[in-house]
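Participant: entry-v6.txt (compact mmCIF, C-alpha atoms) pasted underneath:
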```
# COMPACT_ATOMS: atom_id res chain seq x y z
CA MET G 1 114.75 85.88 120.92
CA LYS G 2 114.39 88.12 123.96
CA LEU G 3 114.39 91.90 123.63
CA LYS G 4 116.99 92.06 126.38
CA GLU G 5 119.52 90.01 124.40
CA ILE G 6 118.92 92.11 121.29
CA ALA G 7 119.36 95.32 123.28
CA GLU G 8 122.70 94.09 124.59
CA ILE G 9 124.05 92.93 121.24
CA LEU G 10 123.00 96.12 119.41
CA SER G 11 123.91 98.39 122.37
CA LEU G 12 120.41 99.83 122.44
CA LYS G 13 119.83 102.14 125.38
CA PRO G 14 116.53 101.50 127.18
CA LEU G 15 114.90 104.84 127.91
CA THR G 16 111.91 103.54 129.78
CA PRO G 17 112.88 102.91 133.43
CA ALA G 18 113.94 99.46 134.62
CA GLU G 19 110.90 99.28 136.91
CA GLY G 20 108.74 100.11 133.86
CA PRO G 21 108.25 97.92 130.78
CA ASP G 22 110.49 94.85 131.15
CA LEU G 23 112.84 93.69 128.41
CA GLU G 24 112.20 90.01 128.90
CA ARG G 25 109.58 89.91 126.17
CA GLU G 26 109.99 87.79 123.07
CA VAL G 27 110.70 89.49 119.72
CA SER G 28 109.15 87.99 116.58
CA GLY G 29 110.98 90.16 114.06
CA ALA G 30 111.07 93.84 113.20
CA TYR G 31 109.51 96.47 111.02
CA VAL G 32 111.10 99.70 109.86
CA GLY G 33 108.96 102.72 109.07
CA ASP G 34 108.20 106.36 109.74
CA LEU G 35 104.73 106.44 108.21
CA LEU G 36 102.36 105.45 110.98
CA SER G 37 99.65 104.05 108.73
CA ASP G 38 102.22 101.87 107.01
CA VAL G 39 103.42 100.50 110.32
CA MET G 40 99.84 99.93 111.39
CA ALA G 41 99.11 98.06 108.17
CA ASN G 42 102.26 95.97 107.89
CA SER G 43 103.91 95.38 111.27
CA GLU G 44 103.21 92.13 113.05
CA ASP G 45 102.61 91.04 116.64
CA GLY G 46 105.81 91.01 118.67
CA ASN G 47 107.82 93.07 116.16
CA ILE G 48 110.39 95.63 117.20
CA TRP G 49 109.53 98.92 115.47
CA ILE G 50 112.53 100.84 114.18
CA THR G 51 111.69 104.50 113.51
CA LEU G 52 112.80 108.10 113.74
CA GLN G 53 109.40 109.29 114.91
CA THR G 54 109.43 110.52 118.52
CA HIS G 55 105.96 111.88 119.23
CA VAL G 56 103.36 110.34 121.53
CA ASN G 57 101.32 108.62 118.80
CA ILE G 58 104.04 105.99 118.25
CA VAL G 59 103.08 104.44 121.58
CA ALA G 60 99.44 104.18 120.54
CA VAL G 61 100.43 102.43 117.31
CA ALA G 62 102.75 100.05 119.17
CA THR G 63 100.04 99.29 121.74
CA LEU G 64 97.39 98.67 119.13
CA LYS G 65 99.65 96.35 117.12
CA ASN G 66 101.10 94.48 120.15
CA LEU G 67 104.63 95.46 119.15
CA SER G 68 107.39 94.36 121.49
CA ALA G 69 109.36 97.62 121.54
CA ILE G 70 110.09 100.89 119.76
CA VAL G 71 113.68 101.60 118.76
CA ILE G 72 114.31 105.27 117.96
CA VAL G 73 117.28 105.78 115.65
CA ASN G 74 119.77 108.51 114.73
CA GLY G 75 120.20 109.61 118.34
CA ARG G 76 116.79 111.24 118.40
CA MET G 77 115.07 111.68 121.78
CA PRO G 78 111.37 111.05 122.30
CA GLU G 79 109.26 113.81 123.78
CA SER G 80 108.53 113.49 127.50
CA ASP G 81 104.84 112.68 126.99
CA THR G 82 105.89 109.84 124.67
CA LEU G 83 108.00 108.37 127.43
CA ASP G 84 105.25 108.76 130.04
CA ARG G 85 102.80 107.01 127.75
CA ALA G 86 105.27 104.24 126.97
CA VAL G 87 105.58 103.48 130.68
CA SER G 88 101.83 103.49 131.26
CA GLU G 89 101.15 101.35 128.17
CA ASP G 90 104.06 98.98 128.93
CA ILE G 91 105.94 99.59 125.66
CA PRO G 92 109.75 99.67 126.00
CA ILE G 93 111.48 102.51 124.15
CA LEU G 94 115.15 102.06 123.27
CA LEU G 95 117.56 104.48 121.66
CA THR G 96 120.46 104.14 119.28
CA GLY G 97 122.79 106.63 117.65
CA LYS G 98 122.92 104.42 114.57
CA SER G 99 120.74 104.75 111.48
CA ALA G 100 117.62 102.71 110.73
CA PHE G 101 119.56 100.91 107.97
CA GLU G 102 122.36 99.82 110.26
CA THR G 103 120.05 98.89 113.13
CA ALA G 104 117.75 96.85 110.91
CA GLY G 105 120.68 95.23 109.11
CA LYS G 106 122.29 94.03 112.30
CA LEU G 107 119.00 92.90 113.78
CA TYR G 108 118.14 91.00 110.60
CA ARG G 109 121.43 89.14 110.80
CA ILE G 110 121.04 88.29 114.48
CA LEU G 111 117.47 87.03 114.12
CA ASN G 112 118.32 84.99 111.03
CA ALA G 113 121.32 83.40 112.72
CA ARG G 114 119.16 82.53 115.71
CA ASN G 115 116.46 81.00 113.49
CA LEU G 116 119.03 78.88 111.64
CA GLN G 117 120.25 77.51 114.96
CA GLY G 118 116.64 76.48 115.55
CA MET B 1 82.23 84.09 116.92
CA LYS B 2 81.65 82.96 120.46
CA ILE B 3 79.51 85.87 121.62
CA ASP B 4 75.75 85.50 121.91
CA LYS B 5 74.57 89.07 122.39
CA THR B 6 75.26 92.55 121.06
CA TYR B 7 77.62 95.02 122.74
CA GLU B 8 77.24 98.66 121.75
CA GLY B 9 78.91 101.89 122.69
CA SER B 10 80.48 105.07 121.43
CA PHE B 11 83.47 107.36 121.87
CA HIS B 12 83.61 111.12 121.44
CA ILE B 13 86.71 112.26 119.62
CA VAL B 14 87.99 115.82 119.77
CA GLY B 15 89.59 117.16 116.60
CA GLY B 16 93.22 118.26 116.91
CA ASP B 17 93.82 116.37 120.14
CA PHE B 18 96.76 114.23 119.03
CA SER B 19 97.67 113.43 122.64
CA ARG B 20 94.60 111.22 122.92
CA ALA B 21 94.92 109.61 119.48
CA GLY B 22 94.35 105.89 119.64
CA GLU B 23 92.47 105.94 122.95
CA ALA B 24 89.12 104.99 121.45
CA SER B 25 90.61 102.23 119.28
CA THR B 26 92.64 100.84 122.15
CA GLU B 27 89.61 100.78 124.43
CA LEU B 28 87.52 99.11 121.75
CA LYS B 29 90.28 96.54 121.27
CA THR B 30 90.20 95.77 125.00
CA ILE B 31 86.41 95.38 124.88
CA MET B 32 86.60 93.05 121.86
CA LEU B 33 89.23 90.87 123.52
CA SER B 34 87.25 90.76 126.77
CA VAL B 35 84.11 89.47 125.04
CA GLY B 36 86.09 86.81 123.18
CA ILE B 37 86.41 88.13 119.62
CA GLU B 38 89.20 86.27 117.83
CA ASP B 39 92.58 87.96 117.41
CA GLU B 40 92.46 88.29 113.63
CA VAL B 41 89.12 90.14 113.73
CA VAL B 42 90.33 92.32 116.60
CA ARG B 43 93.41 93.18 114.56
CA ARG B 44 91.38 94.29 111.54
CA VAL B 45 88.88 96.29 113.57
CA ALA B 46 91.69 97.95 115.54
CA ILE B 47 93.50 99.12 112.40
CA ALA B 48 90.32 100.34 110.72
CA THR B 49 89.16 102.14 113.86
CA PHE B 50 92.50 103.78 114.55
CA GLU B 51 92.56 105.18 111.01
CA ALA B 52 89.01 106.49 111.39
CA GLU B 53 89.94 108.03 114.72
CA MET B 54 93.02 109.70 113.19
CA ASN B 55 90.98 111.20 110.37
CA ILE B 56 88.62 112.82 112.86
CA ILE B 57 91.57 114.18 114.86
CA ILE B 58 93.52 115.43 111.83
CA TYR B 59 90.76 116.91 109.70
CA THR B 60 87.68 117.72 111.75
CA PRO B 61 86.59 119.69 114.83
CA ALA B 62 84.96 116.65 116.41
CA GLY B 63 83.36 113.33 115.75
CA ILE B 64 81.84 110.25 117.25
CA LEU B 65 82.83 106.64 116.84
CA ARG B 66 80.07 104.10 117.40
CA TYR B 67 80.54 100.38 117.63
CA SER B 68 78.27 97.40 117.69
CA ILE B 69 79.72 93.97 118.35
CA SER B 70 77.19 91.29 117.52
CA PRO B 71 77.31 87.62 116.67
CA GLY B 72 78.57 87.44 113.11
CA GLU B 73 79.77 91.00 112.62
CA ILE B 74 81.31 94.09 114.10
CA ARG B 75 79.97 97.40 112.86
CA ILE B 76 81.86 100.68 113.23
CA ILE B 77 80.40 104.06 112.35
CA ALA B 78 82.63 107.13 112.40
CA GLU B 79 80.72 110.36 112.00
CA ASP B 80 82.30 113.79 112.05
CA MET B 81 81.25 117.44 111.96
CA GLY B 82 83.06 118.42 108.82
CA PRO B 83 84.55 119.88 106.65
CA GLY B 84 83.53 116.99 104.39
CA ILE B 85 85.36 115.51 101.41
CA GLU B 86 85.00 117.15 98.01
CA ASP B 87 86.09 114.22 95.86
CA ILE B 88 85.66 110.87 97.58
CA GLU B 89 87.12 108.90 94.68
CA LEU B 90 90.31 110.95 94.88
CA ALA B 91 90.43 110.69 98.68
CA MET B 92 90.21 106.90 98.39
CA GLN B 93 93.33 106.76 96.21
CA LYS B 94 96.43 105.46 97.95
CA GLY B 95 98.88 108.28 98.53
CA TYR B 96 96.40 111.11 98.13
CA SER B 97 96.16 113.36 101.18
CA THR B 98 95.24 116.92 102.04
CA ALA B 99 97.09 116.82 105.38
CA PRO B 100 99.27 119.84 106.22
CA ASP B 101 103.06 119.47 106.37
CA TRP B 102 103.28 119.34 110.16
CA VAL B 103 100.91 116.37 110.22
CA ARG B 104 102.97 114.63 107.52
CA GLU B 105 106.11 115.21 109.57
CA MET B 106 104.49 113.18 112.32
CA GLY B 107 104.17 110.31 109.87
CA TRP B 108 100.45 110.75 109.35
CA GLY B 109 98.82 112.09 106.20
CA ALA B 110 100.46 109.60 103.85
CA GLY B 111 97.21 108.94 102.03
CA MET B 112 96.88 105.48 103.51
CA GLY B 113 94.09 105.96 106.03
CA LEU B 114 90.97 105.43 103.95
CA PRO B 115 92.58 102.61 101.87
CA ASN B 116 93.64 100.91 105.13
CA MET B 117 90.07 101.12 106.42
CA LYS B 118 88.64 99.71 103.21
CA LYS B 119 91.20 96.92 103.11
CA ASN B 120 90.42 95.75 106.64
CA ALA B 121 86.64 95.97 106.38
CA ASP B 122 84.39 93.48 104.61
CA ILE B 123 81.94 96.25 103.87
CA PHE B 124 83.07 99.86 103.64
CA ARG B 125 80.79 102.81 102.98
CA ILE B 126 81.66 106.47 102.97
CA ASP B 127 79.29 109.37 102.62
CA SER B 128 80.32 112.99 102.77
CA VAL B 129 78.75 116.41 102.38
CA VAL B 130 81.09 119.36 102.02
CA GLY B 131 80.50 121.83 104.84
CA GLU B 132 78.60 119.26 106.88
CA GLY B 133 80.66 116.16 107.54
CA THR B 134 81.66 112.65 106.68
CA THR B 135 80.28 109.32 107.79
CA VAL B 136 82.22 106.09 107.39
CA GLU B 137 80.56 102.76 108.04
CA MET B 138 82.61 99.61 108.28
CA ILE B 139 81.47 96.05 108.83
CA ILE B 140 84.01 93.42 109.76
CA LYS B 141 83.01 89.76 109.76
CA PRO B 142 84.93 86.89 111.30
```
Output the file's structure as structure tokens, nothing else.

Facilitator:
Amino acid sequence: MKLKEIAEILSLKPLTPAEGPDLEREVSGAYVGDLLSDVMANSEDGNIWITLQTHVNIVAVATLKNLSAIVIVNGRMPESDTLDRAVSEDIPILLTGKSAFETAGKLYRILNARNLQG
Amino acid sequence: MKIDKTYEGSFHIVGGDFSRAGEASTELKTIMLSVGIEDEVVRRVAIATFEAEMNIIIYTPAGILRYSISPGEIRIIAEDMGPGIEDIELAMQKGYSTAPDWVREMGWGAGMGLPNMKKNADIFRIDSVVGEGTTVEMIIKP
């Protein structure tokens, strides 16, 4: 499923500019976590990363793990250097006012429904 | 592994410079992919190297990360200038960390770094002298 479709259904607000990282990329699933070593160890290629972390190192983790996007929850805003790095490393950052639980729950349902449709 | 010669290099890492965290590992990942190392090996080396890089940034004034990509194995040596680890056995335990609160708030310092390195390496060696420094050697085989 494309990141763009997910962003629309979950009303995620892309923070990286439209001319920056595109939202056409394929999403393989998601991982939720605020401990960076845990995300590094357990996330998988193409995952959306749902987190409340906002500092610049999240982009490095996402880059290293080939994650498809970072979704920052609870209405938190990333620092400006995080956003700059996300653009240069081609990692979309999206925001939501919802919690990690709600975001992951909805996303789980959407991805499962899509998989069942084959 | 498809490669037929050895590629070597090193990165200097400055302690405390969180803004550059991951640069060395990301560059090494690019090098590995460009010489044709398979994805699964790249993935393991990248995780192990990023953790080693973070430890230098979080705990030490400076360090150097050396790599050697040869047919059959990738060798990573992370050497820092201190402060050294008093109890290596304790430091290797999952969940044990001496990181300050502000580092933990960033999501680092969860006591997963050294275990992550060991898990992703086929051979993992750590040697440390308090007041002098720590050297981690990791060998990853395809």

Participant: Report the centre and edge lengths, in Å to one decimal, of an axis-aligned box enclosing every atom of segment 45-62 of chain B listed in the file, padded by 4 Å on each side, as JSON.

Facilitator:
```
{"center_x": 89.2, "center_y": 108.0, "center_z": 113.1, "size_x": 16.6, "size_y": 31.4, "size_z": 14.7}
```

Participant: Report as a ChimeraX atom specification the set of chain G residues whose atoms approach chain B to within 7 Å, with distances computed over only C-alpha atoms.

Facilitator: /G:34-37,40-41,53,56-57,60,64

Participant: Of the residues B:Glu40, B:Gly63, B:Met32, B:Ile58, which is the one nearest to Phe11 of chain B, using all atoms listed in the file?

Facilitator: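 Comparing B:Glu40, B:Gly63, B:Met32, B:Ile58 against Phe11 of chain B, the winner is B:Gly63.
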
Participant: Any idea what the distance is between atom CA of Leu10 of chain G and atom CA of Lys65 of chain G?

Facilitator: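 Atom-to-atom, atom CA of Leu10 of chain G to atom CA of Lys65 of chain G, that is 23.5 Å.
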
Participant: Give me the residues near segment 80-85 of chain G as a list in words, where near means some atom within 10 Å (using only C-alpha atoms) and where sequence neighbours in that chain fewer than 4 positions away do not count.

Facilitator: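 Residues near the query, excluding close chain neighbours: Leu15, Thr16, Pro17, Thr54, His55, Val56, Asn57, Ile58, Val59, Ala60, Glu89, Asp90, Ile91, Pro92 and Ile93 of chain G; Ser19 of chain B.
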
Participant: Quote the spacing between atom CA of Gly75 of chain G and atom CA of Ser99 of chain G in Å to one decimal place.

Facilitator: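 It comes out at 8.4 Å.
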
Participant: Between atom CA of Thr103 of chain G and atom CA of Pro21 of chain G, what distance in Å does the model show, to one decimal?

Facilitator: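 So the two atoms, atom CA of Thr103 of chain G and atom CA of Pro21 of chain G, lie 21.3 Å apart.
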
Participant: Mind listing whatever residues come within 12 Å of the point (114.8, 90.3, 109.2)? Use only C-alpha atoms, file coordinates, and give them as a list in words.

Facilitator: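 Those residues, ordered by chain and then number, are Val27, Ser28, Gly29, Ala30, Tyr31, Val32, Asn47, Ile48, Trp49, Ile50, Phe101, Thr103, Ala104, Gly105, Lys106, Leu107, Tyr108, Arg109, Ile110, Leu111, Asn112, Ala113, Arg114 and Asn115 of chain G.
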